[in-house]
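Read through the structure below, which is laid out as C-alpha cells, and then see the notes.
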Amino acid sequence: MSVVNATPSSQNFFASDSGYENLIASFGDLDKASVICEMESVQKLEIKDLVDCVKNGDWFPEQSKMHRTTIIALRALNEGSLSLEQLATMHILDAAYSSLICQRVMYAVEFDVDDSGEEVKYVNSMEAPIRRSVPVRKYTYKQMGYSERVNSNKFPTYSKFLKPILQRYFSLNEEGWKSFCEKMEKTPLSERYFTVIPTFAHGCWSGIVARIQSLGLCLFQEIDFLHSHCETGELLRQKIAVVPSFSMFQAFIDCACESNNSSKVTLIPTYGFLEEGKYVQYKRKRQIPVSLYFPRKEFGRAYNPSFSEFRFTLDGWDQEGIFAAVIHDINHAFEETKYSDTFSNFRYWLAEIVKGHPDGIFNRGKVSVYENLVDADFDYSVNNVGDLLYSSSVIRKMTPELKGYIIRALVDHATFLKDSYGISKDDLREEDQILFDKILRESTA
C-alpha cells in the first residue's frame, strides 16, 4: 500500500488544507509521477532531521542537495509534519540564495520614448563576481535597521533606521505595522525569521524588481543597514536584500487588504507557472499563485540559467531569475488588494471580451491588454471603467479597432453590466460615451 497520498480522497485532511494537492497538481503528469515515486523512498529519519532543522530556524539551502530536500519536504507536508508555509519559505530562501549569491546578475535599466511616442526599454545585464564568503544573517521580524553594537543616539538624522526593517521593506504605517506584528505572533516560530543578504550598493539584481521598486515607493526596496566599526565606532552603511518568510508575505498582503478595505487575497504556492486557464481560475477567487522553483534531479538542468524553468520572461522582462519570479507574484497580489470583488470580476469579464480581438492579445514583445486586465497591471490604481481604459499600461496598446470592439461589447451587454457590476455608460469618459451612443444608434437603426 502506498505511503504517499498521491490522490487523496475528499475526506483526507491534506487534500483541502495542507496545500500538498495544489503543489503536486502544478507538476506535469510525467513529473508528478516521478516525484510521487521518489517520495516513496523517503525515510522517517530524513523527515525528522529536516523538520527539526526547519522548525529550529537552522535550515539553509544547499543546491547540490535541494532536489532531495524538496522531495523530503513534500513527504513531510503530505504527512502533516511540515506546513505549506514552511515549505514555501524554504523555496523562497533557496531562490534568493541562488539569485543573490550563487548566480549574481546586475541589471542597468534605461527608458526612452521613440518618435511615435512608444516607450522603449533598454536592459543591460552583466554577471557579477561570486563572493567567496557572504555573511548571511537571520533576524526576528521586529529587528531594527542596525546591529546590536550601534548606539542609536548617534544617528538622530537617520530616523528611518529607528523603524524595524520589515516595516520599511513593506512600507507599513504604524497601524499597519501593529497589525502585521499581531499576525506574525500567530505563525510558527520558524516563520517569524527573515534573512538578509548583502547586495549591490548601486544597481539591482533584477530588471523587473527595479521597475516594481520605482513604482512602489519603498516597497520591496533593498534596505540600508547600519553597522558600527569594531574599533572606532564609526557608523558603516551596508545595502541588504531582505528575504521574508512566506508567512510574512501573506501577513503583508493581509495588512494591505485591511488598509484598502478589500476582501482577503491569498497566496498559493505552486511549482512553476500555471497554464492560463488555471491561473485565471485562481485569480477569480482572489488567490494569487506564487511560482516556486523545483530543482531538477538531472545535474545539467538544476539551477541552470540556460533552461526556461530557471530564467524566463516576466511581464516582458527577459532573463529574470527565480527570486524575481517570487517578488513579481507577490507584487501582483499587492495590486489585487486595491480592488473590490465587483471591480475585479468586471476586469475578468472584460479580459474575456478583449481576448476575442487580435489587438487584445497581441503584445508586441510586451504585455498584452488581456494580460494587463487579468493581472491588474495598470501602473497606478484605477477605480472605474473609464480610468481602466486610459491607464498608461493599457492606452499605449489600445488601437481604435480594439476600443470600438470594447465599447460595442459594453453596448451589447449594457443590462448585464448594470445588474452585475453597477457599470453603465456614465462610467465612461466623454469621448467614449459619444462612441457608445453612436454604436447604440447603429445597432437599433
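We label chains A, B, ... in the order they appear in the C-alpha cells, count residues from 1 in each chain, and number ligands from 1 in the order shown.
Note that DSSP on the backbone gives strand (DSSP E or B) to these residues of stretch 266-440 of chain A: Thr266, Leu267, Ile268, Pro269, Thr270, Tyr271, Gln287, Ile288, Pro289, Val290, Ser291, Leu292, Phe312, Thr313, Leu314, Trp317, Asp318, Gln319 and Glu320 of chain A.
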Any idea what's packed within 12 Å of A:Glu442, counting only C-alpha atoms, ignoring anything in its chain fewer than 4 positions away? Could you give it as a compact mmCIF listing (two decimals) with all heavy atoms, in the first residue's frame?
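As a result, out29.txt now contains:
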```txt
# COMPACT_ATOMS: atom_id res chain seq x y z
N ARG A 408 -18.46 48.38 -28.14
CA ARG A 408 -19.59 47.62 -28.68
C ARG A 408 -20.03 46.54 -27.69
O ARG A 408 -21.24 46.30 -27.51
CB ARG A 408 -19.23 47.00 -30.02
CG ARG A 408 -20.38 46.18 -30.64
CD ARG A 408 -20.09 45.77 -32.06
NE ARG A 408 -20.02 46.91 -32.94
CZ ARG A 408 -21.07 47.54 -33.46
NH1 ARG A 408 -22.30 47.11 -33.16
NH2 ARG A 408 -20.93 48.57 -34.26
N VAL A 411 -22.05 48.08 -25.04
CA VAL A 411 -23.40 48.36 -25.54
C VAL A 411 -24.25 47.10 -25.55
O VAL A 411 -25.38 47.06 -25.04
CB VAL A 411 -23.35 48.98 -26.96
CG1 VAL A 411 -24.76 49.06 -27.57
CG2 VAL A 411 -22.71 50.35 -26.93
N ASP A 412 -23.67 46.02 -26.10
CA ASP A 412 -24.42 44.76 -26.25
C ASP A 412 -24.79 44.14 -24.91
O ASP A 412 -25.78 43.41 -24.81
CB ASP A 412 -23.61 43.76 -27.07
CG ASP A 412 -23.43 44.19 -28.52
OD1 ASP A 412 -24.20 45.08 -28.96
OD2 ASP A 412 -22.52 43.68 -29.20
N LEU A 435 -18.96 57.58 -28.45
CA LEU A 435 -18.83 56.37 -29.26
C LEU A 435 -19.89 55.35 -28.86
O LEU A 435 -20.47 54.66 -29.72
CB LEU A 435 -17.43 55.78 -29.08
CG LEU A 435 -17.11 54.49 -29.85
CD1 LEU A 435 -17.33 54.69 -31.35
CD2 LEU A 435 -15.68 54.03 -29.56
N PHE A 436 -20.16 55.25 -27.56
CA PHE A 436 -21.20 54.34 -27.06
C PHE A 436 -22.55 54.67 -27.70
O PHE A 436 -23.27 53.78 -28.21
CB PHE A 436 -21.27 54.47 -25.54
CG PHE A 436 -22.23 53.52 -24.86
CD1 PHE A 436 -21.75 52.39 -24.24
CD2 PHE A 436 -23.59 53.77 -24.83
CE1 PHE A 436 -22.63 51.51 -23.59
CE2 PHE A 436 -24.48 52.90 -24.20
CZ PHE A 436 -23.98 51.77 -23.58
N ASP A 437 -22.93 55.96 -27.70
CA ASP A 437 -24.21 56.38 -28.27
C ASP A 437 -24.27 56.12 -29.77
O ASP A 437 -25.30 55.73 -30.31
CB ASP A 437 -24.44 57.87 -27.99
CG ASP A 437 -24.76 58.14 -26.53
OD1 ASP A 437 -25.24 57.20 -25.85
OD2 ASP A 437 -24.51 59.27 -26.08
N LYS A 438 -23.16 56.35 -30.46
CA LYS A 438 -23.10 56.12 -31.89
C LYS A 438 -23.35 54.64 -32.22
O LYS A 438 -24.14 54.30 -33.11
CB LYS A 438 -21.74 56.55 -32.43
CG LYS A 438 -21.57 56.31 -33.94
CD LYS A 438 -20.17 56.68 -34.39
CE LYS A 438 -19.99 56.34 -35.88
NZ LYS A 438 -18.61 56.63 -36.36
```
**Asked** Between A:Cys37, A:His357, A:Phe273, A:Val394, which one has atoms that come closest to A:Val369, using only C-alpha atoms?
**Response** A:Val394
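Distances to A:Tyr97 were evaluated for A:Glu85, A:Asp31, A:Glu175, A:Glu62 using only C-alpha atoms, and the minimum falls at A:Glu62.
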**Message:** Can you pull out the residues contacting A:Lys355? Cut-off 10 Å, using only C-alpha atoms, and skip same-chain residues under 3 positions away; I want them as a list in words.
**Reply:** Leu350, Ala351, Glu352, Pro358, Asp359, Gly360, Ile361, Phe362, Ser368, Val369, Tyr370 and Glu371 of chain A
Same residues, C-alpha atoms, saved as an mmCIF file, in the first residue's frame:
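Just written: again20.cif:
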```cif
data_model
loop_
_atom_site.group_PDB
_atom_site.id
_atom_site.type_symbol
_atom_site.label_atom_id
_atom_site.label_comp_id
_atom_site.auth_asym_id
_atom_site.auth_seq_id
_atom_site.Cartn_x
_atom_site.Cartn_y
_atom_site.Cartn_z
ATOM 1 C CA LEU A 350 -13.630 42.495 -19.885
ATOM 2 C CA ALA A 351 -10.473 40.407 -20.259
ATOM 3 C CA GLU A 352 -12.508 37.626 -21.864
ATOM 4 C CA PRO A 358 -6.401 40.126 -32.081
ATOM 5 C CA ASP A 359 -5.247 43.525 -30.802
ATOM 6 C CA GLY A 360 -6.207 42.470 -27.274
ATOM 7 C CA ILE A 361 -3.811 39.529 -27.162
ATOM 8 C CA PHE A 362 -1.049 40.925 -29.388
ATOM 9 C CA SER A 368 -0.933 42.446 -23.887
ATOM 10 C CA VAL A 369 -4.074 44.337 -22.863
ATOM 11 C CA TYR A 370 -5.593 40.977 -21.922
ATOM 12 C CA GLU A 371 -2.714 40.284 -19.528
#
```
**Request:** Would you list the contacts of A:Leu274 as JSON, numbers by chain, taking every protein, DNA or RNA residue within 10 Å and counting only C-alpha atoms, but skipping same-chain residues closer than 5 positions in sequence?
**Result:** {"A": [25, 26, 27, 279, 280, 282, 289, 290, 291]}
For the selection just defined, write its residues with all heavy atoms to a file, as a compact mmCIF listing (two decimals), in the first residue's frame.
```
# COMPACT_ATOMS: atom_id res chain seq x y z
N ALA A 25 -0.37 19.03 -8.08
CA ALA A 25 -1.13 19.25 -9.32
C ALA A 25 -0.43 20.22 -10.26
O ALA A 25 -0.69 20.22 -11.47
CB ALA A 25 -2.53 19.77 -8.98
N SER A 26 0.48 21.06 -9.73
CA SER A 26 1.16 22.03 -10.59
C SER A 26 2.28 21.40 -11.42
O SER A 26 2.83 22.03 -12.32
CB SER A 26 1.73 23.19 -9.74
OG SER A 26 2.69 22.73 -8.82
N PHE A 27 2.63 20.14 -11.12
CA PHE A 27 3.56 19.41 -11.96
C PHE A 27 2.84 18.91 -13.21
O PHE A 27 1.63 18.65 -13.19
CB PHE A 27 4.13 18.18 -11.23
CG PHE A 27 5.12 18.50 -10.15
CD1 PHE A 27 4.82 18.26 -8.83
CD2 PHE A 27 6.35 19.04 -10.46
CE1 PHE A 27 5.72 18.53 -7.82
CE2 PHE A 27 7.27 19.33 -9.45
CZ PHE A 27 6.96 19.08 -8.14
N TYR A 279 -4.65 29.58 -14.03
CA TYR A 279 -4.20 30.82 -13.40
C TYR A 279 -5.38 31.78 -13.20
O TYR A 279 -5.57 32.35 -12.12
CB TYR A 279 -3.13 31.47 -14.27
CG TYR A 279 -2.59 32.78 -13.75
CD1 TYR A 279 -1.72 32.82 -12.67
CD2 TYR A 279 -2.96 33.99 -14.34
CE1 TYR A 279 -1.23 34.03 -12.19
CE2 TYR A 279 -2.48 35.20 -13.87
CZ TYR A 279 -1.62 35.20 -12.79
OH TYR A 279 -1.14 36.40 -12.31
N VAL A 280 -6.20 31.95 -14.23
CA VAL A 280 -7.34 32.85 -14.13
C VAL A 280 -8.37 32.32 -13.13
O VAL A 280 -8.98 33.10 -12.38
CB VAL A 280 -7.98 33.06 -15.52
CG1 VAL A 280 -9.26 33.90 -15.40
CG2 VAL A 280 -7.00 33.75 -16.47
N TYR A 282 -7.74 30.70 -10.38
CA TYR A 282 -7.23 31.10 -9.06
C TYR A 282 -7.52 32.58 -8.81
O TYR A 282 -8.02 32.97 -7.75
CB TYR A 282 -5.73 30.86 -8.98
CG TYR A 282 -5.33 29.48 -8.52
CD1 TYR A 282 -4.58 28.64 -9.33
CD2 TYR A 282 -5.68 29.02 -7.25
CE1 TYR A 282 -4.20 27.37 -8.90
CE2 TYR A 282 -5.31 27.77 -6.82
CZ TYR A 282 -4.57 26.94 -7.65
OH TYR A 282 -4.20 25.70 -7.22
N PRO A 289 -1.27 32.73 -7.43
CA PRO A 289 -0.20 31.72 -7.45
C PRO A 289 1.17 32.37 -7.28
O PRO A 289 1.46 33.40 -7.90
CB PRO A 289 -0.35 31.10 -8.85
CG PRO A 289 -1.75 31.40 -9.27
CD PRO A 289 -2.07 32.74 -8.67
N VAL A 290 1.98 31.77 -6.43
CA VAL A 290 3.37 32.21 -6.24
C VAL A 290 4.27 31.09 -6.77
O VAL A 290 4.27 29.98 -6.24
CB VAL A 290 3.68 32.48 -4.75
CG1 VAL A 290 5.14 32.87 -4.56
CG2 VAL A 290 2.75 33.56 -4.21
N SER A 291 4.98 31.38 -7.83
CA SER A 291 5.75 30.34 -8.52
C SER A 291 7.05 30.04 -7.78
O SER A 291 7.88 30.91 -7.59
CB SER A 291 6.04 30.75 -9.97
OG SER A 291 6.67 32.01 -10.00
```
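Atom CA of A:Met184 lies 13.9 Å from atom CA of A:Pro164.
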Set the distance at 12 Å and use only C-alpha atoms: which residues neighbour A:Ile223 once local chain neighbours fewer than 2 positions away are removed? I'd like the list as a compact mmCIF listing (two decimals) with N, CA, C and O atoms, in the first residue's frame.
```txt
# COMPACT_ATOMS: atom_id res chain seq x y z
N MET A 144 15.47 45.89 14.16
CA MET A 144 15.67 47.26 13.69
C MET A 144 16.75 47.28 12.61
O MET A 144 17.40 46.27 12.34
N GLY A 145 16.96 48.45 12.01
CA GLY A 145 17.88 48.55 10.88
C GLY A 145 19.32 48.82 11.27
O GLY A 145 20.04 49.51 10.55
N TYR A 146 19.75 48.28 12.40
CA TYR A 146 21.14 48.45 12.81
C TYR A 146 21.55 47.29 13.71
O TYR A 146 20.71 46.64 14.33
N LYS A 160 14.96 56.86 9.76
CA LYS A 160 14.43 55.63 9.16
C LYS A 160 15.03 54.39 9.80
O LYS A 160 14.40 53.33 9.81
N PHE A 161 16.24 54.50 10.37
CA PHE A 161 16.86 53.34 11.00
C PHE A 161 16.20 52.99 12.33
O PHE A 161 16.46 51.94 12.89
N LYS A 163 13.11 52.51 12.63
CA LYS A 163 11.97 51.66 12.31
C LYS A 163 12.47 50.25 12.01
O LYS A 163 13.55 50.08 11.45
N PRO A 164 11.67 49.23 12.34
CA PRO A 164 12.08 47.86 12.01
C PRO A 164 12.26 47.69 10.50
O PRO A 164 11.62 48.35 9.69
N ILE A 165 13.17 46.78 10.15
CA ILE A 165 13.50 46.55 8.74
C ILE A 165 12.26 46.18 7.94
O ILE A 165 12.03 46.72 6.85
N LEU A 166 11.44 45.27 8.45
CA LEU A 166 10.28 44.82 7.69
C LEU A 166 9.22 45.91 7.54
O LEU A 166 8.50 45.94 6.54
N GLN A 167 9.11 46.80 8.51
CA GLN A 167 8.17 47.91 8.38
C GLN A 167 8.59 48.79 7.22
O GLN A 167 7.74 49.28 6.45
N ARG A 168 9.89 49.00 7.05
CA ARG A 168 10.38 49.80 5.94
C ARG A 168 10.24 49.04 4.62
O ARG A 168 9.83 49.61 3.61
N TYR A 169 10.56 47.76 4.64
CA TYR A 169 10.52 46.95 3.42
C TYR A 169 9.12 46.86 2.83
O TYR A 169 8.94 46.93 1.61
N PHE A 170 8.12 46.73 3.70
CA PHE A 170 6.73 46.63 3.25
C PHE A 170 6.00 47.97 3.25
O PHE A 170 4.80 48.01 2.96
N SER A 171 6.70 49.06 3.60
CA SER A 171 6.09 50.40 3.60
C SER A 171 4.82 50.45 4.46
O SER A 171 3.78 50.96 4.04
N VAL A 196 18.70 38.25 5.69
CA VAL A 196 19.26 39.38 4.96
C VAL A 196 20.53 38.93 4.27
O VAL A 196 21.34 38.18 4.83
N ILE A 197 20.69 39.38 3.03
CA ILE A 197 21.84 39.04 2.22
C ILE A 197 22.43 40.34 1.68
O ILE A 197 21.69 41.13 1.07
N PRO A 198 23.72 40.60 1.88
CA PRO A 198 24.32 41.82 1.32
C PRO A 198 24.15 41.85 -0.19
O PRO A 198 24.24 40.83 -0.87
N THR A 199 23.89 43.04 -0.73
CA THR A 199 23.69 43.15 -2.17
C THR A 199 24.39 44.39 -2.69
O THR A 199 25.10 45.08 -1.95
N PHE A 200 24.20 44.69 -3.97
CA PHE A 200 24.91 45.78 -4.62
C PHE A 200 24.57 47.12 -3.97
O PHE A 200 23.41 47.40 -3.70
N ALA A 201 25.59 47.95 -3.78
CA ALA A 201 25.33 49.29 -3.26
C ALA A 201 24.58 50.13 -4.29
O ALA A 201 23.79 51.01 -3.95
N HIS A 202 24.82 49.85 -5.57
CA HIS A 202 24.11 50.52 -6.66
C HIS A 202 23.72 49.47 -7.69
O HIS A 202 24.36 48.44 -7.84
N GLN A 213 10.14 48.45 -7.80
CA GLN A 213 10.60 49.37 -6.75
C GLN A 213 10.35 50.82 -7.15
O GLN A 213 9.96 51.64 -6.33
N CYS A 218 8.64 52.74 -1.29
CA CYS A 218 9.68 51.97 -0.59
C CYS A 218 9.46 50.46 -0.70
O CYS A 218 10.27 49.68 -0.20
N LEU A 219 8.37 50.04 -1.32
CA LEU A 219 8.00 48.63 -1.31
C LEU A 219 9.07 47.76 -1.96
O LEU A 219 9.50 48.02 -3.08
N PHE A 220 9.47 46.70 -1.24
CA PHE A 220 10.41 45.70 -1.74
C PHE A 220 11.81 46.27 -2.04
O PHE A 220 12.57 45.68 -2.79
N GLN A 221 12.13 47.42 -1.48
CA GLN A 221 13.44 48.02 -1.74
C GLN A 221 14.54 47.29 -0.98
O GLN A 221 14.30 46.67 0.06
N PHE A 225 21.45 49.11 6.08
CA PHE A 225 21.62 48.56 7.43
C PHE A 225 22.87 49.18 8.03
O PHE A 225 23.90 49.31 7.35
N LEU A 226 22.79 49.59 9.28
CA LEU A 226 23.91 50.26 9.93
C LEU A 226 24.71 49.29 10.80
O LEU A 226 24.14 48.55 11.61
N ARG A 237 27.45 51.93 6.57
CA ARG A 237 26.21 51.53 5.90
C ARG A 237 26.46 50.30 5.02
O ARG A 237 27.48 50.20 4.36
N GLN A 238 25.49 49.42 5.03
CA GLN A 238 25.55 48.24 4.17
C GLN A 238 24.18 48.08 3.49
O GLN A 238 23.14 48.22 4.13
N LYS A 239 24.18 47.83 2.19
CA LYS A 239 22.94 47.60 1.46
C LYS A 239 22.59 46.11 1.56
O LYS A 239 23.41 45.25 1.24
N ILE A 240 21.37 45.82 2.03
CA ILE A 240 20.97 44.43 2.20
C ILE A 240 19.69 44.14 1.41
O ILE A 240 18.84 45.00 1.25
N ALA A 241 19.61 42.92 0.90
CA ALA A 241 18.36 42.42 0.31
C ALA A 241 17.63 41.66 1.41
O ALA A 241 18.23 40.87 2.15
N VAL A 242 16.35 41.89 1.51
CA VAL A 242 15.53 41.27 2.55
C VAL A 242 14.81 40.06 1.95
O VAL A 242 14.23 40.14 0.87
N VAL A 243 14.86 38.94 2.67
CA VAL A 243 14.20 37.71 2.21
C VAL A 243 13.20 37.30 3.29
O VAL A 243 13.55 36.60 4.25
```
**Item:** Test item, helix (DSSP H, G or I) assignment across stretch 351-425 of chain A, answer as a VMD selection string
**Value:** chain A and resid 351 to 355 358 to 361 369 to 375 385 to 390 392 to 395 400 to 412 414 to 421 425
**Prompt:** With distances taken over only C-alpha atoms, which of A:Val367, A:Glu430, A:Asp254, A:Gly422 is nearest to A:Gly386?
**Reply:** A:Glu430
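The list of residues with at least one atom within 9 Å of A:Tyr421, based on only C-alpha atoms and without residues fewer than 4 positions apart in the same chain, reads Thr342, Phe343, Asn345, Phe346, Phe416 and Leu417 of chain A.
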Would you export the selected residues with N, CA and C atoms as a short mmCIF file (atom, residue, chain, number, x, y, z; two decimals), in the first residue's frame, please?
```
data_model
loop_
_atom_site.label_atom_id
_atom_site.label_comp_id
_atom_site.auth_asym_id
_atom_site.auth_seq_id
_atom_site.Cartn_x
_atom_site.Cartn_y
_atom_site.Cartn_z
N THR A 342 -16.22 43.26 -6.88
CA THR A 342 -17.06 43.62 -8.02
C THR A 342 -16.22 44.15 -9.18
N PHE A 343 -15.30 45.05 -8.87
CA PHE A 343 -14.47 45.62 -9.94
C PHE A 343 -13.54 44.57 -10.52
N ASN A 345 -14.12 41.33 -10.72
CA ASN A 345 -14.92 40.45 -11.56
C ASN A 345 -15.23 41.11 -12.91
N PHE A 346 -15.44 42.43 -12.90
CA PHE A 346 -15.64 43.13 -14.17
C PHE A 346 -14.37 43.06 -15.02
N PHE A 416 -26.74 43.53 -18.51
CA PHE A 416 -25.97 42.61 -17.67
C PHE A 416 -24.94 43.37 -16.83
N LEU A 417 -24.21 44.30 -17.44
CA LEU A 417 -23.16 45.03 -16.72
C LEU A 417 -23.75 45.90 -15.61
#
```
**Message:** When you count only C-alpha atoms, which of these residues is closest to A:Phe252: A:Asn304, A:Thr313, A:Thr195, A:Asn331?
**Reply:**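 Of all the options, A:Asn331 lies closest to A:Phe252.
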**Fill in**
atom CA of A:Lys285 to atom CA of A:Glu182 measures 25.5 Å
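Shortest atom-to-atom contact with A:Ala325 among A:Pro305, A:Lys297, A:Leu162, A:Ala96: A:Ala96, counting only C-alpha atoms.
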**Message:** Ranking A:Tyr348, A:Ser83, A:Lys55, A:Leu236 by minimum distance to A:Asp224 and counting only C-alpha atoms, which one comes first?
**Reply:**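 Of the candidates, the smallest distance to A:Asp224 is held by A:Leu236.
A straight line drawn from atom CA of A:Ser420 to atom CA of A:Gln281 is 18.9 Å long.
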